[in-house]
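target.txt (compact mmCIF, C-alpha atoms and all ligand atoms)
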```
# COMPACT_ATOMS: atom_id res chain seq x y z
CA MET A 1167 -62.85 17.07 269.89
CA ARG A 1168 -60.56 18.79 267.40
CA ALA A 1169 -58.82 16.54 264.88
CA VAL A 1170 -56.58 17.19 261.86
CA SER A 1171 -58.30 15.73 258.84
CA TYR A 1172 -57.01 15.06 255.30
CA VAL A 1173 -59.82 16.82 253.40
CA ARG A 1174 -58.55 16.84 249.80
CA ASN A 1175 -55.30 16.79 247.82
CA ASN A 1176 -52.50 18.51 249.79
CA THR A 1177 -55.01 20.02 252.21
CA VAL A 1178 -55.64 19.43 255.90
CA GLU A 1179 -58.20 21.06 258.17
CA VAL A 1180 -58.89 21.02 261.88
CA GLN A 1181 -62.38 19.53 262.20
CA GLU A 1182 -64.73 18.70 265.03
CA LYS A 1183 -65.07 14.91 265.50
CA PRO A 1184 -66.57 12.79 268.29
CA VAL A 1185 -64.34 11.64 271.14
CA PRO A 1186 -63.77 7.91 270.40
CA GLU A 1187 -65.56 5.23 272.41
CA ILE A 1188 -63.17 2.63 273.83
CA GLU A 1189 -63.40 -1.17 273.69
CA ALA A 1190 -62.69 -3.32 276.75
CA ASP A 1191 -59.03 -3.87 275.78
CA GLU A 1192 -58.39 -0.20 274.99
CA VAL A 1193 -57.51 2.98 276.81
CA LEU A 1194 -58.61 6.49 275.93
CA LEU A 1195 -55.40 8.43 275.50
CA LYS A 1196 -55.46 12.20 275.97
CA VAL A 1197 -52.97 13.15 273.27
CA SER A 1198 -50.03 15.24 274.50
CA GLY A 1199 -48.35 15.53 271.12
CA ALA A 1200 -48.37 14.15 267.59
CA GLY A 1201 -45.30 14.31 265.37
CA LEU A 1202 -45.55 15.58 261.81
CA CYS A 1203 -43.57 13.43 259.38
CA HIS A 1204 -42.58 13.76 255.72
CA SER A 1205 -44.73 10.72 255.07
CA ASP A 1206 -47.76 12.78 256.14
CA LEU A 1207 -46.97 15.10 253.21
CA HIS A 1208 -46.72 12.00 251.02
CA ILE A 1209 -50.11 10.76 252.30
CA ILE A 1210 -51.99 14.01 251.68
CA ALA A 1211 -50.52 14.21 248.17
CA GLY A 1212 -52.62 11.13 247.39
CA GLY A 1213 -55.28 13.18 245.56
CA ASP A 1214 -58.94 14.01 246.18
CA ASP A 1215 -60.02 10.35 245.91
CA SER A 1216 -57.50 8.69 248.24
CA PRO A 1217 -59.14 6.17 250.57
CA LEU A 1218 -57.52 8.16 253.39
CA VAL A 1219 -59.49 11.36 252.61
CA GLY A 1220 -61.61 12.20 255.65
CA SER A 1221 -59.34 10.39 258.09
CA THR A 1222 -57.48 11.88 261.03
CA LEU A 1223 -53.71 11.98 260.43
CA GLY A 1224 -50.81 11.38 262.82
CA HIS A 1225 -48.70 8.23 263.25
CA GLU A 1226 -46.30 9.53 265.93
CA VAL A 1227 -48.44 9.77 269.03
CA ALA A 1228 -47.92 9.98 272.77
CA GLY A 1229 -50.21 11.00 275.58
CA VAL A 1230 -51.62 10.30 279.01
CA VAL A 1231 -54.16 7.60 279.85
CA GLU A 1232 -57.50 9.31 280.54
CA LYS A 1233 -59.76 6.26 280.87
CA THR A 1234 -59.25 2.49 280.81
CA GLY A 1235 -61.48 -0.22 279.34
CA ASP A 1236 -62.78 -3.05 281.56
CA ALA A 1237 -60.07 -5.47 280.34
CA ALA A 1238 -57.27 -2.90 279.92
CA THR A 1239 -54.90 -4.30 282.51
CA GLY A 1240 -51.48 -2.86 283.30
CA TRP A 1241 -52.41 0.76 282.66
CA ASP A 1242 -53.71 3.37 285.07
CA VAL A 1243 -55.23 6.79 284.54
CA GLY A 1244 -52.36 9.31 284.42
CA ASP A 1245 -49.76 6.94 282.91
CA SER A 1246 -47.73 8.36 280.00
CA ALA A 1247 -47.61 6.17 276.93
CA LEU A 1248 -46.22 6.00 273.42
CA VAL A 1249 -48.40 4.48 270.69
CA ALA A 1250 -46.87 1.80 268.43
CA LEU A 1251 -46.31 2.78 264.81
CA VAL A 1252 -47.54 -0.52 263.36
CA LEU A 1253 -50.85 -1.73 264.76
CA SER A 1254 -49.66 -5.34 264.63
CA CYS A 1255 -51.92 -8.29 265.48
CA GLY A 1256 -49.53 -9.85 267.99
CA GLU A 1257 -50.52 -13.37 266.91
CA CYS A 1258 -49.30 -14.08 263.35
CA ASP A 1259 -46.04 -15.91 262.58
CA LYS A 1260 -44.17 -12.62 261.96
CA CYS A 1261 -45.40 -11.08 265.21
CA LEU A 1262 -44.50 -14.21 267.17
CA ALA A 1263 -41.02 -14.12 265.59
CA GLY A 1264 -40.56 -10.55 266.86
CA ARG A 1265 -40.93 -9.04 263.38
CA ASP A 1266 -44.15 -7.20 264.18
CA ASN A 1267 -43.28 -4.35 261.79
CA GLU A 1268 -43.93 -6.95 259.06
CA CYS A 1269 -47.16 -8.24 260.65
CA GLU A 1270 -49.08 -10.34 258.14
CA VAL A 1271 -52.40 -8.83 259.20
CA ALA A 1272 -51.35 -5.16 259.47
CA SER A 1273 -49.06 -5.28 256.43
CA PRO A 1274 -50.41 -7.52 253.66
CA ARG A 1275 -48.36 -7.72 250.48
CA GLY A 1276 -49.07 -4.73 248.22
CA SER A 1277 -50.31 -2.43 250.99
CA LEU A 1278 -49.27 1.23 250.85
CA ALA A 1279 -48.01 1.00 254.42
CA PRO A 1280 -48.76 -1.21 257.41
CA LEU A 1281 -51.90 -0.32 259.36
CA SER A 1282 -50.88 2.54 261.67
CA PRO A 1283 -52.53 5.38 263.53
CA GLY A 1284 -53.24 7.95 260.80
CA ILE A 1285 -52.73 5.36 258.04
CA GLY A 1286 -55.88 3.27 257.83
CA SER A 1287 -56.81 3.80 261.49
CA PRO A 1288 -57.64 7.10 263.24
CA GLY A 1289 -54.47 9.09 263.91
CA GLY A 1290 -53.14 11.06 266.83
CA MET A 1291 -53.41 14.62 265.50
CA ALA A 1292 -56.45 15.02 267.72
CA GLU A 1293 -57.35 15.58 271.33
CA TYR A 1294 -58.04 11.90 272.04
CA LEU A 1295 -57.21 8.49 270.62
CA ALA A 1296 -58.52 5.02 271.51
CA VAL A 1297 -55.59 2.56 271.67
CA LYS A 1298 -55.36 -1.15 272.48
CA THR A 1299 -53.14 -1.73 275.49
CA HIS A 1300 -50.88 -4.06 273.51
CA HIS A 1301 -50.03 -1.11 271.23
CA LEU A 1302 -48.76 1.07 274.10
CA ASP A 1303 -45.25 1.42 275.50
CA PRO A 1304 -44.54 3.14 278.81
CA LEU A 1305 -42.70 6.47 278.78
CA GLY A 1306 -42.00 6.73 282.50
CA ASP A 1307 -40.92 10.26 283.36
CA LEU A 1308 -40.33 11.40 279.78
CA ASP A 1309 -42.42 14.34 278.55
CA PRO A 1310 -45.12 12.73 276.38
CA ALA A 1311 -45.46 15.78 274.09
CA THR A 1312 -41.84 15.88 272.95
CA SER A 1313 -41.62 12.06 273.04
CA ALA A 1314 -44.27 11.58 270.34
CA PRO A 1315 -41.73 11.52 267.47
CA LEU A 1316 -39.98 8.54 269.05
CA ALA A 1317 -42.77 6.37 267.55
CA ASP A 1318 -41.28 6.81 264.07
CA ALA A 1319 -38.36 9.25 264.01
CA ALA A 1320 -36.46 7.18 266.59
CA LEU A 1321 -37.99 3.74 265.95
CA THR A 1322 -37.19 3.68 262.24
CA PRO A 1323 -33.47 4.54 262.46
CA MET A 1324 -33.16 2.24 265.50
CA HIS A 1325 -34.46 -0.64 263.38
CA ALA A 1326 -32.24 0.22 260.41
CA VAL A 1327 -29.15 0.32 262.64
CA ASN A 1328 -30.10 -2.89 264.47
CA SER A 1329 -30.50 -4.68 261.13
CA VAL A 1330 -26.79 -4.05 260.36
CA ARG A 1331 -25.46 -3.99 263.92
CA ASP A 1332 -23.16 -7.00 263.46
CA ARG A 1333 -21.35 -5.10 260.68
CA LEU A 1334 -20.78 -1.91 262.71
CA VAL A 1335 -17.72 -3.08 264.60
CA GLY A 1336 -14.60 -1.04 265.25
CA GLY A 1337 -12.77 -0.46 261.97
CA ALA A 1338 -15.97 -0.49 259.92
CA THR A 1339 -17.21 2.61 258.14
CA VAL A 1340 -20.87 3.61 257.99
CA VAL A 1341 -22.11 6.34 255.67
CA THR A 1342 -25.32 7.99 256.85
CA ILE A 1343 -27.13 10.25 254.38
CA GLY A 1344 -29.54 12.98 255.53
CA ILE A 1345 -29.48 14.69 258.93
CA GLY A 1346 -33.20 15.59 259.03
CA GLY A 1347 -36.07 14.20 261.12
CA LEU A 1348 -34.92 10.57 261.05
CA GLY A 1349 -31.32 11.11 260.06
CA HIS A 1350 -30.31 13.25 263.04
CA VAL A 1351 -31.61 10.47 265.28
CA GLY A 1352 -29.87 7.76 263.26
CA LEU A 1353 -26.58 9.61 263.65
CA GLN A 1354 -26.93 9.75 267.43
CA ILE A 1355 -27.85 6.05 267.60
CA LEU A 1356 -24.79 5.13 265.52
CA SER A 1357 -22.60 7.27 267.75
CA ALA A 1358 -24.05 6.01 271.05
CA THR A 1359 -24.32 2.32 270.26
CA THR A 1360 -21.72 1.28 267.66
CA GLY A 1361 -17.95 1.35 267.25
CA ALA A 1362 -18.04 2.20 263.55
CA ARG A 1363 -16.46 5.26 261.97
CA ILE A 1364 -19.31 7.54 260.88
CA ILE A 1365 -19.36 9.60 257.69
CA ALA A 1366 -22.47 11.83 257.69
CA LEU A 1367 -23.78 13.85 254.76
CA ASP A 1368 -26.44 16.45 254.10
CA THR A 1369 -26.95 19.09 251.42
CA ASP A 1370 -27.62 21.73 254.10
CA LYS A 1371 -24.51 23.25 255.68
CA ASP A 1372 -26.23 23.78 259.06
CA LYS A 1373 -27.11 20.09 259.21
CA VAL A 1374 -23.53 19.16 258.31
CA ASP A 1375 -22.41 21.32 261.26
CA TYR A 1376 -24.96 19.58 263.49
CA ALA A 1377 -23.55 16.21 262.38
CA ALA A 1378 -19.98 17.29 263.14
CA SER A 1379 -20.97 18.13 266.71
CA HIS A 1380 -23.22 15.08 267.26
CA GLY A 1381 -20.95 12.12 266.68
CA ALA A 1382 -19.93 12.17 263.00
CA ASP A 1383 -16.23 11.43 262.50
CA VAL A 1384 -16.44 13.01 259.05
CA ALA A 1385 -19.26 15.43 258.12
CA LEU A 1386 -19.60 16.29 254.44
CA VAL A 1387 -21.78 18.52 252.30
CA SER A 1388 -23.50 16.12 249.91
CA ASP A 1389 -22.48 17.48 246.52
CA ALA A 1390 -21.00 16.17 243.26
CA ASP A 1391 -17.69 15.37 245.01
CA ALA A 1392 -19.24 13.41 247.87
CA ALA A 1393 -18.75 9.96 246.34
CA SER A 1394 -15.06 10.51 245.61
CA ARG A 1395 -14.52 11.97 249.11
CA ILE A 1396 -16.06 8.85 250.66
CA MET A 1397 -13.91 6.55 248.50
CA GLU A 1398 -10.83 8.50 249.63
CA GLU A 1399 -11.89 8.28 253.28
CA THR A 1400 -12.25 4.48 252.92
CA ASN A 1401 -8.97 4.00 251.02
CA GLY A 1402 -10.87 2.93 247.92
CA ARG A 1403 -12.73 0.08 249.69
CA GLY A 1404 -16.08 1.81 249.99
CA ALA A 1405 -18.38 1.77 252.99
CA ASP A 1406 -19.36 -1.29 255.02
CA VAL A 1407 -22.84 0.14 255.55
CA VAL A 1408 -24.83 2.97 253.93
CA LEU A 1409 -28.01 4.29 255.54
CA ASP A 1410 -30.06 6.48 253.18
CA PHE A 1411 -32.59 8.50 255.18
CA VAL A 1412 -33.57 10.60 252.15
CA GLY A 1413 -34.15 8.33 249.17
CA VAL A 1414 -34.05 10.97 246.42
CA GLN A 1415 -32.24 10.11 243.18
CA PRO A 1416 -28.87 11.67 244.14
CA THR A 1417 -28.80 9.84 247.49
CA VAL A 1418 -29.81 6.48 246.00
CA ASP A 1419 -27.06 6.94 243.38
CA LEU A 1420 -24.58 7.91 246.10
CA ALA A 1421 -25.42 4.87 248.24
CA LEU A 1422 -24.87 2.49 245.32
CA SER A 1423 -21.67 4.21 244.21
CA VAL A 1424 -19.89 4.04 247.59
CA ILE A 1425 -20.98 0.68 249.01
CA GLY A 1426 -18.09 -1.72 249.43
CA VAL A 1427 -17.87 -5.41 248.52
CA GLY A 1428 -20.16 -7.40 250.83
CA GLY A 1429 -21.58 -4.19 252.30
CA ALA A 1430 -25.15 -3.42 253.30
CA ILE A 1431 -27.48 -0.63 252.19
CA ARG A 1432 -30.62 0.33 254.09
CA PHE A 1433 -33.01 2.50 252.08
CA VAL A 1434 -35.21 4.29 254.62
CA GLY A 1435 -36.24 7.66 253.10
CA LEU A 1436 -39.11 7.75 250.59
CA GLY A 1437 -37.81 10.44 248.27
CA GLY A 1438 -38.78 8.81 244.97
CA GLY A 1439 -35.27 7.67 243.92
CA LYS A 1440 -34.91 4.57 241.74
CA PHE A 1441 -32.24 2.06 240.77
CA THR A 1442 -32.03 -0.66 238.19
CA TYR A 1443 -30.44 -4.00 238.99
CA ASP A 1444 -28.22 -5.34 236.22
CA ALA A 1445 -27.27 -8.96 236.85
CA ASP A 1446 -24.32 -8.80 234.43
CA SER A 1447 -22.80 -5.53 235.58
CA SER A 1448 -20.08 -5.00 238.18
CA ALA A 1449 -21.60 -1.61 239.08
CA LEU A 1450 -23.05 -3.20 242.21
CA PRO A 1451 -20.24 -4.96 244.10
CA TRP A 1452 -20.52 -8.67 244.90
CA GLY A 1453 -22.25 -9.61 248.10
CA VAL A 1454 -24.10 -6.35 248.68
CA ASN A 1455 -27.21 -6.71 250.84
CA ILE A 1456 -30.02 -4.19 250.24
CA GLU A 1457 -33.11 -3.79 252.40
CA ARG A 1458 -36.12 -1.53 252.01
CA SER A 1459 -36.36 -0.73 255.71
CA TYR A 1460 -39.72 0.00 257.31
CA GLY A 1461 -40.46 1.21 260.83
CA GLY A 1462 -39.26 -1.08 263.56
CA THR A 1463 -40.22 -3.75 266.02
CA ARG A 1464 -41.56 -3.25 269.51
CA SER A 1465 -38.16 -4.30 270.77
CA ASP A 1466 -36.52 -1.53 268.68
CA MET A 1467 -39.05 0.88 270.20
CA ARG A 1468 -38.18 -0.09 273.78
CA GLU A 1469 -34.49 0.27 272.97
CA ALA A 1470 -34.91 3.77 271.51
CA VAL A 1471 -36.97 4.91 274.51
CA ALA A 1472 -34.26 3.53 276.82
CA LEU A 1473 -31.57 5.53 274.98
CA VAL A 1474 -33.60 8.70 275.49
CA GLN A 1475 -34.09 7.88 279.18
CA GLN A 1476 -30.32 7.38 279.52
CA GLY A 1477 -29.67 10.79 277.94
CA LYS A 1478 -27.89 9.26 274.93
CA LEU A 1479 -30.49 10.29 272.38
CA HIS A 1480 -32.30 13.56 271.94
CA VAL A 1481 -34.93 14.25 269.29
CA GLU A 1482 -35.01 17.91 268.30
CA THR A 1483 -38.61 19.14 268.30
CA THR A 1484 -40.52 22.30 267.40
CA LYS A 1485 -44.00 22.65 268.89
CA TYR A 1486 -47.00 23.97 266.97
CA SER A 1487 -50.56 24.23 268.25
CA LEU A 1488 -52.86 21.60 266.74
CA ASP A 1489 -54.97 24.52 265.49
CA ASP A 1490 -51.99 25.60 263.34
CA ALA A 1491 -51.77 22.21 261.60
CA ALA A 1492 -52.21 23.62 258.09
CA ARG A 1493 -49.33 26.06 258.64
CA ALA A 1494 -47.20 23.27 260.12
CA PHE A 1495 -47.73 21.13 257.00
CA ASP A 1496 -46.79 24.11 254.80
CA ASP A 1497 -43.68 24.88 256.87
CA LEU A 1498 -42.52 21.27 256.70
CA ARG A 1499 -43.08 21.18 252.94
CA ASP A 1500 -41.15 24.45 252.56
CA GLY A 1501 -38.25 23.19 254.67
CA LYS A 1502 -38.77 26.01 257.20
CA VAL A 1503 -38.40 23.94 260.38
CA SER A 1504 -35.47 22.43 262.15
CA GLY A 1505 -36.21 19.36 264.22
CA ARG A 1506 -39.42 17.39 264.25
CA ILE A 1507 -42.70 19.32 264.35
CA VAL A 1508 -44.96 18.22 267.20
CA LEU A 1509 -48.61 19.29 267.10
CA VAL A 1510 -49.91 19.95 270.60
CA PRO A 1511 -53.71 19.84 271.10
ZN ZN B 1601 -43.44 8.83 259.48
ZN ZN B 1602 -49.15 -10.00 263.26
```

Just dump the structure as structure tokens.
Ligand SMILES: [Zn+2]
Ligand SMILES: [Zn+2]
Amino acid sequence: MRAVSYVRNNTVEVQEKPVPEIEADEVLLKVSGAGLCHSDLHIIAGGDDSPLVGSTLGHEVAGVVEKTGDAATGWDVGDSALVALVLSCGECDKCLAGRDNECEVASPRGSLAPLSPGIGSPGGMAEYLAVKTHHLDPLGDLDPATSAPLADAALTPMHAVNSVRDRLVGGATVVTIGIGGLGHVGLQILSATTGARIIALDTDKDKVDYAASHGADVALVSDADAASRIMEETNGRGADVVLDFVGVQPTVDLALSVIGVGGAIRFVGLGGGKFTYDADSSALPWGVNIERSYGGTRSDMREAVALVQQGKLHVETTKYSLDDAARAFDDLRDGKVSGRIVLVP
């Protein structure tokens, strides 16, 4: 089968690899689509000696069951399925507490990222993938090709929003930064499921326009005046919640400069931004809660899929043939695509 392999620093190639054998508790999924994420660019920038060199990429995967293992109950040939982002064990204390995105087995302290398809386990940018049934979620009538990005691009913002849901009541203000792959989904989730007033920002004018027509109460170009505009919009109080889907230095600085007393910041994007905590400074207001948000739980996943099925959430996608993977990576790096790229085998 054809599979997109990380061959050396910043380089992917479509290679011929064997169709995987399945274990008794697995299905063979015929991949319908695999989303291409900014973190894939991050992964392949890991150099020529990364432990992931040689592996098949792709952590947003959906497809159709082609074959079932002897103990793979609950799934039939022809069923559409979405593959979990985190290949959690299902049995550790975190998994049993419903925090499977922090699974102690899949995500030991110090790991680059939890074990996922395409990150330590074969990924979905291929014609076939072997998946354990407990890592599959049903898609029903949804198109599995365009649903692939739900595994991360919808899961991750769903989790970030759910982690601050009790704060997003009527009268609260949420600032959401970045209207790209994850951010445009986060905006729709905020709009569809919370009563908060939404201030959305992006550096790209087209994305600001998208935000204005997809649920933002205030849509701003993220420039040098953004922080003062947000403070004006919140009557000097600052925001109750800031979601940073970008994580570059200007957005990290913006999040910290507009968060209100007792507010919550969720850093989601991995753009290389940094901040220093100063215990004696009033720069960070009292009571602020900061979380480095990762992925989401299986419950978040089910909730995001349900929103799509109800027509309340739509992930913008652009399809590329799997054979054009190298071009797709280049186009994503060059910012040439709108919506999430889906590679179709
Ligand atoms: Zn991702
Ligand atoms: Zn676990």

Non-local contacts of region 1365-1373 of chain A (7 Å; all atoms listed in the file; under 6 positions in same chain excluded) as an MDAnalysis selection string: chainID A and resid 1340:1345 1382:1389

Among listed residues A:Glu1257, A:Glu1482, A:Glu1226, A:Glu1192, nearest ligand ZN 1601 (chain B) (using only C-alpha atoms and all ligand atoms):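 That would be A:Glu1226, the residue with the smallest distance to ligand ZN 1601 (chain B).
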
Nearest to ligand ZN 1601 (chain B) by atom-to-atom distance, counting only C-alpha atoms and all ligand atoms, from A:Val1408, A:Ala1430, A:Ile1285, A:Ile1425: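 Closest candidate: A:Ile1285.
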
A:Ala1247, A:Val1227, A:Ile1431, A:Ala1320 ranked by distance to Gly1461 (chain A), top pick (using only C-alpha atoms): A:Ala1320

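You will find CA of Ser1282 (chain A) at 13.5 Å from CA of Gly1201 (chain A).
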
Coordinates-based distance that separates CA of Tyr1460 (chain A) from CA of Ala1326 (chain A) (Å, one decimal):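 Separation between CA of Ala1326 (chain A) and CA of Tyr1460 (chain A): 8.1 Å.
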
As a PDB file with C-alpha atoms, in the coordinates of the input, please: every protein or nucleic acid residue near ligand ZN 1601 (chain B) (cut-off 9 Å, counting only C-alpha atoms and all ligand atoms).
```pdb
ATOM      1  CA  GLY A1201     -45.300  14.310 265.370  1.00  0.00           C
ATOM      2  CA  LEU A1202     -45.550  15.580 261.810  1.00  0.00           C
ATOM      3  CA  CYS A1203     -43.570  13.430 259.380  1.00  0.00           C
ATOM      4  CA  HIS A1204     -42.580  13.760 255.720  1.00  0.00           C
ATOM      5  CA  SER A1205     -44.730  10.720 255.070  1.00  0.00           C
ATOM      6  CA  ASP A1206     -47.760  12.780 256.140  1.00  0.00           C
ATOM      7  CA  GLY A1224     -50.810  11.380 262.820  1.00  0.00           C
ATOM      8  CA  HIS A1225     -48.700   8.230 263.250  1.00  0.00           C
ATOM      9  CA  GLU A1226     -46.300   9.530 265.930  1.00  0.00           C
ATOM     10  CA  LEU A1251     -46.310   2.780 264.810  1.00  0.00           C
ATOM     11  CA  PRO A1315     -41.730  11.520 267.470  1.00  0.00           C
ATOM     12  CA  ALA A1317     -42.770   6.370 267.550  1.00  0.00           C
ATOM     13  CA  ASP A1318     -41.280   6.810 264.070  1.00  0.00           C
ATOM     14  CA  ALA A1319     -38.360   9.250 264.010  1.00  0.00           C
ATOM     15  CA  THR A1322     -37.190   3.680 262.240  1.00  0.00           C
ATOM     16  CA  LEU A1348     -34.920  10.570 261.050  1.00  0.00           C
ATOM     17  CA  GLY A1461     -40.460   1.210 260.830  1.00  0.00           C
TER      18      GLY A1461
END
```

Selection within 6 Å of ligand ZN 1602 (chain B) by only C-alpha atoms and all ligand atoms, output as a list in words: Ser1254, Cys1255, Gly1256, Glu1257, Cys1258, Lys1260, Cys1261, Asp1266, Cys1269, Glu1270 and Val1271 of chain A

Write the residues of the preceding selection, restricted to C-alpha atoms, as a PDB file, keeping the file's coordinate frame.
```pdb
ATOM      1  CA  SER A1254     -49.660  -5.340 264.630  1.00  0.00           C
ATOM      2  CA  CYS A1255     -51.920  -8.290 265.480  1.00  0.00           C
ATOM      3  CA  GLY A1256     -49.530  -9.850 267.990  1.00  0.00           C
ATOM      4  CA  GLU A1257     -50.520 -13.370 266.910  1.00  0.00           C
ATOM      5  CA  CYS A1258     -49.300 -14.080 263.350  1.00  0.00           C
ATOM      6  CA  LYS A1260     -44.170 -12.620 261.960  1.00  0.00           C
ATOM      7  CA  CYS A1261     -45.400 -11.080 265.210  1.00  0.00           C
ATOM      8  CA  ASP A1266     -44.150  -7.200 264.180  1.00  0.00           C
ATOM      9  CA  CYS A1269     -47.160  -8.240 260.650  1.00  0.00           C
ATOM     10  CA  GLU A1270     -49.080 -10.340 258.140  1.00  0.00           C
ATOM     11  CA  VAL A1271     -52.400  -8.830 259.200  1.00  0.00           C
TER      12      VAL A1271
END
```

Contacts of Pro1304 (chain A) within 12 Å, all atoms listed in the file, excl. fewer than 2 positions in-chain, as a VMD selection string: chain A and resid 1228 to 1231 1240 to 1242 1244 to 1250 1299 to 1302 1306 to 1310 1313 to 1314 1317 1464 1467 to 1469 1471 to 1472 1475

Which residue of A:Pro1323, A:Pro1511, A:Gly1439, A:Gly1235 approaches Gly1199 (chain A) most closely, using all atoms listed in the file: A:Pro1511

For Tyr1172 (chain A), the nearest of the candidates A:Leu1223, A:Ala1237, A:Ile1355, A:Val1427, counting all atoms listed in the file: A:Leu1223

Can you list, as a PDB file with C-alpha atoms, keeping the file's coordinate frame, every protein, DNA or RNA residue that comes within 10 Å of Ala1292 (chain A) when you count only C-alpha atoms, leaving out same-chain residues fewer than 4 positions away?
```pdb
ATOM      1  CA  MET A1167     -62.850  17.070 269.890  1.00  0.00           C
ATOM      2  CA  ARG A1168     -60.560  18.790 267.400  1.00  0.00           C
ATOM      3  CA  ALA A1169     -58.820  16.540 264.880  1.00  0.00           C
ATOM      4  CA  VAL A1170     -56.580  17.190 261.860  1.00  0.00           C
ATOM      5  CA  SER A1171     -58.300  15.730 258.840  1.00  0.00           C
ATOM      6  CA  VAL A1180     -58.890  21.020 261.880  1.00  0.00           C
ATOM      7  CA  GLN A1181     -62.380  19.530 262.200  1.00  0.00           C
ATOM      8  CA  GLU A1182     -64.730  18.700 265.030  1.00  0.00           C
ATOM      9  CA  LYS A1183     -65.070  14.910 265.500  1.00  0.00           C
ATOM     10  CA  VAL A1185     -64.340  11.640 271.140  1.00  0.00           C
ATOM     11  CA  LYS A1196     -55.460  12.200 275.970  1.00  0.00           C
ATOM     12  CA  VAL A1197     -52.970  13.150 273.270  1.00  0.00           C
ATOM     13  CA  SER A1198     -50.030  15.240 274.500  1.00  0.00           C
ATOM     14  CA  GLY A1199     -48.350  15.530 271.120  1.00  0.00           C
ATOM     15  CA  ALA A1200     -48.370  14.150 267.590  1.00  0.00           C
ATOM     16  CA  THR A1222     -57.480  11.880 261.030  1.00  0.00           C
ATOM     17  CA  LEU A1223     -53.710  11.980 260.430  1.00  0.00           C
ATOM     18  CA  GLY A1224     -50.810  11.380 262.820  1.00  0.00           C
ATOM     19  CA  VAL A1227     -48.440   9.770 269.030  1.00  0.00           C
ATOM     20  CA  PRO A1288     -57.640   7.100 263.240  1.00  0.00           C
ATOM     21  CA  LEU A1488     -52.860  21.600 266.740  1.00  0.00           C
ATOM     22  CA  ASP A1489     -54.970  24.520 265.490  1.00  0.00           C
ATOM     23  CA  LEU A1509     -48.610  19.290 267.100  1.00  0.00           C
ATOM     24  CA  VAL A1510     -49.910  19.950 270.600  1.00  0.00           C
ATOM     25  CA  PRO A1511     -53.710  19.840 271.100  1.00  0.00           C
TER      26      PRO A1511
END
```

Among listed residues A:Leu1436, A:Val1474, A:Leu1195, A:Val1424, nearest Val1454 (chain A) (using only C-alpha atoms):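 Nearest to Val1454 (chain A): A:Val1424.
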
Straight-line distance linking CA of Ile1396 (chain A) with CA of Ala1377 (chain A), stated in Å to one decimal: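 According to the coordinates, CA of Ile1396 (chain A) and CA of Ala1377 (chain A) are separated by 15.7 Å.
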
Would you mind writing region 1284-1296 of chain A with N, CA and C atoms, as a PDB file, in the frame of the given file?
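Printed below is out.pdb as written:
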```pdb
ATOM      1  N   GLY A1284     -53.369   6.952 261.865  1.00  0.00           N
ATOM      2  CA  GLY A1284     -53.240   7.950 260.800  1.00  0.00           C
ATOM      3  C   GLY A1284     -53.026   7.357 259.421  1.00  0.00           C
ATOM      4  N   ILE A1285     -52.869   6.036 259.335  1.00  0.00           N
ATOM      5  CA  ILE A1285     -52.730   5.360 258.040  1.00  0.00           C
ATOM      6  C   ILE A1285     -53.630   4.127 258.074  1.00  0.00           C
ATOM      7  N   GLY A1286     -54.918   4.366 257.828  1.00  0.00           N
ATOM      8  CA  GLY A1286     -55.880   3.270 257.830  1.00  0.00           C
ATOM      9  C   GLY A1286     -56.623   3.118 259.151  1.00  0.00           C
ATOM     10  N   SER A1287     -56.164   3.806 260.176  1.00  0.00           N
ATOM     11  CA  SER A1287     -56.810   3.800 261.490  1.00  0.00           C
ATOM     12  C   SER A1287     -56.735   5.250 261.988  1.00  0.00           C
ATOM     13  N   PRO A1288     -57.688   5.695 262.823  1.00  0.00           N
ATOM     14  CA  PRO A1288     -57.640   7.100 263.240  1.00  0.00           C
ATOM     15  C   PRO A1288     -56.280   7.474 263.837  1.00  0.00           C
ATOM     16  N   GLY A1289     -55.790   8.662 263.478  1.00  0.00           N
ATOM     17  CA  GLY A1289     -54.470   9.090 263.910  1.00  0.00           C
ATOM     18  C   GLY A1289     -54.502   9.961 265.153  1.00  0.00           C
ATOM     19  N   GLY A1290     -53.309  10.377 265.556  1.00  0.00           N
ATOM     20  CA  GLY A1290     -53.140  11.060 266.830  1.00  0.00           C
ATOM     21  C   GLY A1290     -53.113  12.579 266.766  1.00  0.00           C
ATOM     22  N   MET A1291     -53.332  13.166 265.568  1.00  0.00           N
ATOM     23  CA  MET A1291     -53.410  14.620 265.500  1.00  0.00           C
ATOM     24  C   MET A1291     -54.821  15.029 265.914  1.00  0.00           C
ATOM     25  N   ALA A1292     -55.098  14.832 267.177  1.00  0.00           N
ATOM     26  CA  ALA A1292     -56.450  15.020 267.720  1.00  0.00           C
ATOM     27  C   ALA A1292     -56.316  15.151 269.224  1.00  0.00           C
ATOM     28  N   GLU A1293     -57.429  15.462 269.869  1.00  0.00           N
ATOM     29  CA  GLU A1293     -57.350  15.580 271.330  1.00  0.00           C
ATOM     30  C   GLU A1293     -57.328  14.236 272.017  1.00  0.00           C
ATOM     31  N   TYR A1294     -57.970  13.234 271.416  1.00  0.00           N
ATOM     32  CA  TYR A1294     -58.040  11.900 272.040  1.00  0.00           C
ATOM     33  C   TYR A1294     -57.850  10.811 270.999  1.00  0.00           C
ATOM     34  N   LEU A1295     -57.367   9.662 271.473  1.00  0.00           N
ATOM     35  CA  LEU A1295     -57.210   8.490 270.620  1.00  0.00           C
ATOM     36  C   LEU A1295     -57.513   7.247 271.442  1.00  0.00           C
ATOM     37  N   ALA A1296     -58.288   6.322 270.870  1.00  0.00           N
ATOM     38  CA  ALA A1296     -58.520   5.020 271.510  1.00  0.00           C
ATOM     39  C   ALA A1296     -57.417   4.074 271.057  1.00  0.00           C
TER      40      ALA A1296
END
```
